[in-house]
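Reading through the structure tokens given below for one structure.
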Amino acid sequence: MAHLNVDVVATDRKIWSGEARQVSAPAADGEIGILAGHSPLLAVLRPGALRITPADGVVVRATVSGGFISVDDNQVTVVADDVEVERDGSGAGTSQR
Amino acid sequence: MAGSQRVYKQRIKSTQSLGKMFRAQELIAASRIGKARARTSAASPYARAITQAVSAVATHSTTTHPLTNMQGDSKRAAVLVIASDRGMAGAYSASIIRETEKVIARLTAEGKEVVLYASGRRAIGYFQFRGRELAGHWAEGSDSPSSSTAKEISSTLLDAFLLPDDEGGVGELHVVYTQFVNMVTQRPRVVRMLPLEIVEGVAAPEESDVLPLYDFEPSPEAVLDALLPRYVRSRIFACLLEAAASELAARQRAMHTAVDNADDLVRNYTRLANQARQADITQEISEIVSGADALAS
């Protein structure tokens with residue numbers, strides 16, 4: 001199955017990037033889940049929880065304080081004003097590419 | 001005659017201690033440049049993502065936004081100057097201020113009233129000393145700008161831009177900052193920030209291409225509303241970061257020259273001091289000899 005290429009960026013740095021199976025983000029009018037092959041999307045985010053299920057490794061959870069998400073051709077970019085990452089496991093999942 | 005020797009010694013000492021200070025400043029600037037450039041590259045993924053998203057909206061929807069509209073009838077134009085907080089950077093501040101004056105002159109010639117915003121204590125001091133009014137000023141850490149400063153600046157400027165004309169709103173915004181070309185060259189540059197013109201990023205698709213249908217959540221207008229202020233903020237942040245790197249590079253170069261000059265001065269004064277000492281000795285000898293001659297005869 002195809003994977004998503006995910007980049008999470010904040011104003012002053014790159015937070016996370018790698019391959020993922022699923023991304024779920026708090027869009028302005030409700031949680032959205034994105035799987036590979038999603039149609040192009042540009043959505044505004046409200047403050048809430050961002051969840052990334054990487055191709056391998058543990059789920060990455062983060063809290064975003066607003067921003068937007070763009071999906072185009074399995075390339076997912078989450079642009080957030082402020083991100084706080086809480087990782088369950090070790091540093092697995094950072095920069096897998 | 002021992003007086004002139006003492007004067008030279010004093011000068012040598014003070015020049016040497018100045019030279020030490022210059023060298024310290026040079027090293028500090030050199031070590032901070034790396035950091036500043038790392039921050040510029042750390043901020044670039046964000047800028048790139050924003051630009052891509054903005055051009056996606058621009059190409060895939062026909063929505064217009066107040067920020068992209070030319071408010072042609074406005075007689076006011078805002079100018080944001082990004083200078084340094086401290087001197088000791090050679091012509092850095094002077095050239096940015098000169099560029100600003102040029103822009104102001106050009107806008108005034110076009111019949112526009114210029115509203116000034118300044119970042120960096122040097123620019124603020126320059127304009128306040130001349131009694132020019134500043135609509136807004138920021139002076140915190142020009143050599144390591146934070147994204148919160150950029151947020152403050154951009155929200156102030158966006159408010160001014162979106163204000164109706166008769167309430168003191170501005171029709172356009174120009175930013176004067178220093179472009180970091182490389183360690184040796186930094187160029188003052190003027191960009192028109194508002195109304196927005198999106199030039200970089202995705203090229204417009206050709207007619208034959210099938211446009212991927214973009215979903216906008218909740219609506220194209222809302223997406224633009226959220227995107228464009230962020231875009232402006234990231235552009236201003238990028239300008240601030242680049243100006244910071246330029247400032248540090250200019251300071252490093254200026255301080256390097258100052259160290260060289262101090263060394264030259266010390267060498268000069270040492271020669272003069274030696275000459276004076278030699279002259280003293282010669283005079284003393286000739287005094288003793290002529291004294292002995294006088295006693296002998």
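To be explicit about the labels: the chains of the structure tokens are called A, B, and onward in the order shown, and within each one the residues are counted from 1, while ligands get numbers from 1 in the order they are shown.
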Any chance you could tabulate, as CSV, the residues of region 158-255 of chain B at most 12 Å from region 51-66 of chain A with each one's nearest atom pair and distance in Å to one decimal, using only C-alpha atoms, in chain and rising number order?
residue,atom,partner,partner_atom,distance
B:Ala226,CA,A:Gly66,CA,9.4
B:Leu227,CA,A:Gly66,CA,11.1
B:Arg230,CA,A:Gly66,CA,11.0
Write out as a ChimeraX atom specification every residue belonging to chain A that has an atom at most 12 Å from any atom of chain B, counting only C-alpha atoms. /A:6-17,26-32,38-46,66-73,75-82
Keeping C-alpha atoms, export the residues of the selection given above as a tab-separated table (two decimals), in the first residue's frame.
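Listed below is the output, result.tsv:
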chain	number	residue	atom	x	y	z
A	6	VAL	CA	4.26	13.64	6.08
A	7	ASP	CA	5.96	16.88	7.06
A	8	VAL	CA	5.05	18.72	10.21
A	9	VAL	CA	6.49	22.21	10.33
A	10	ALA	CA	6.27	25.06	12.82
A	11	THR	CA	7.17	28.69	12.25
A	12	ASP	CA	10.80	28.30	13.14
A	13	ARG	CA	11.60	24.64	12.61
A	14	LYS	CA	10.65	21.28	11.14
A	15	ILE	CA	8.99	19.13	13.76
A	16	TRP	CA	8.59	15.74	12.19
A	17	SER	CA	8.89	14.18	8.81
A	26	PRO	CA	-8.33	18.67	14.02
A	27	ALA	CA	-9.83	20.53	11.06
A	28	ALA	CA	-11.98	23.59	11.58
A	29	ASP	CA	-15.27	21.72	11.35
A	30	GLY	CA	-14.33	18.35	12.72
A	31	GLU	CA	-11.60	15.78	12.99
A	32	ILE	CA	-10.34	14.56	9.61
A	38	HIS	CA	-6.75	11.12	-0.31
A	39	SER	CA	-8.01	13.77	-2.67
A	40	PRO	CA	-6.20	17.12	-2.62
A	41	LEU	CA	-7.24	19.07	0.43
A	42	LEU	CA	-6.44	22.32	2.12
A	43	ALA	CA	-7.99	22.70	5.53
A	44	VAL	CA	-7.73	25.12	8.39
A	45	LEU	CA	-6.88	23.58	11.73
A	46	ARG	CA	-8.27	24.54	15.08
A	66	GLY	CA	-4.00	26.23	14.91
A	67	GLY	CA	-2.57	26.26	11.43
A	68	PHE	CA	-3.50	24.35	8.32
A	69	ILE	CA	-3.01	21.02	6.61
A	70	SER	CA	-2.48	20.43	2.94
A	71	VAL	CA	-2.76	17.13	1.11
A	72	ASP	CA	-1.67	16.71	-2.47
A	73	ASP	CA	-0.67	13.46	-4.13
A	75	GLN	CA	2.20	14.53	0.30
A	76	VAL	CA	0.81	15.77	3.59
A	77	THR	CA	2.03	19.00	5.10
A	78	VAL	CA	0.88	20.12	8.49
A	79	VAL	CA	1.73	23.75	9.10
A	80	ALA	CA	1.20	24.73	12.69
A	81	ASP	CA	1.75	27.90	14.64
A	82	ASP	CA	2.86	25.98	17.67
Which of chain A counts as strand (DSSP E or B) under DSSP, as JSON, numbers by chain please? {"A": [4, 5, 6, 7, 8, 9, 10, 13, 14, 15, 16, 17, 18, 19, 20, 21, 22, 23, 24, 25, 26, 27, 30, 31, 32, 33, 34, 35, 41, 42, 43, 44, 45, 48, 49, 50, 51, 52, 53, 54, 60, 61, 62, 63, 64, 67, 68, 69, 70, 71, 72, 75, 76, 77, 78, 79, 80, 83, 84, 85, 86, 87]}
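Between Arg32 (chain B) and the residues B:Thr178, B:Gln283, B:Ser290, B:Gln252, the shortest atom-to-atom distance, using only C-alpha atoms, involves B:Gln252.
In this comparison, which uses only C-alpha atoms, the residue of A:Leu50, A:Ala36, A:Ala25, A:Ala20 approaching Asn74 (chain A) most closely is A:Ala36.
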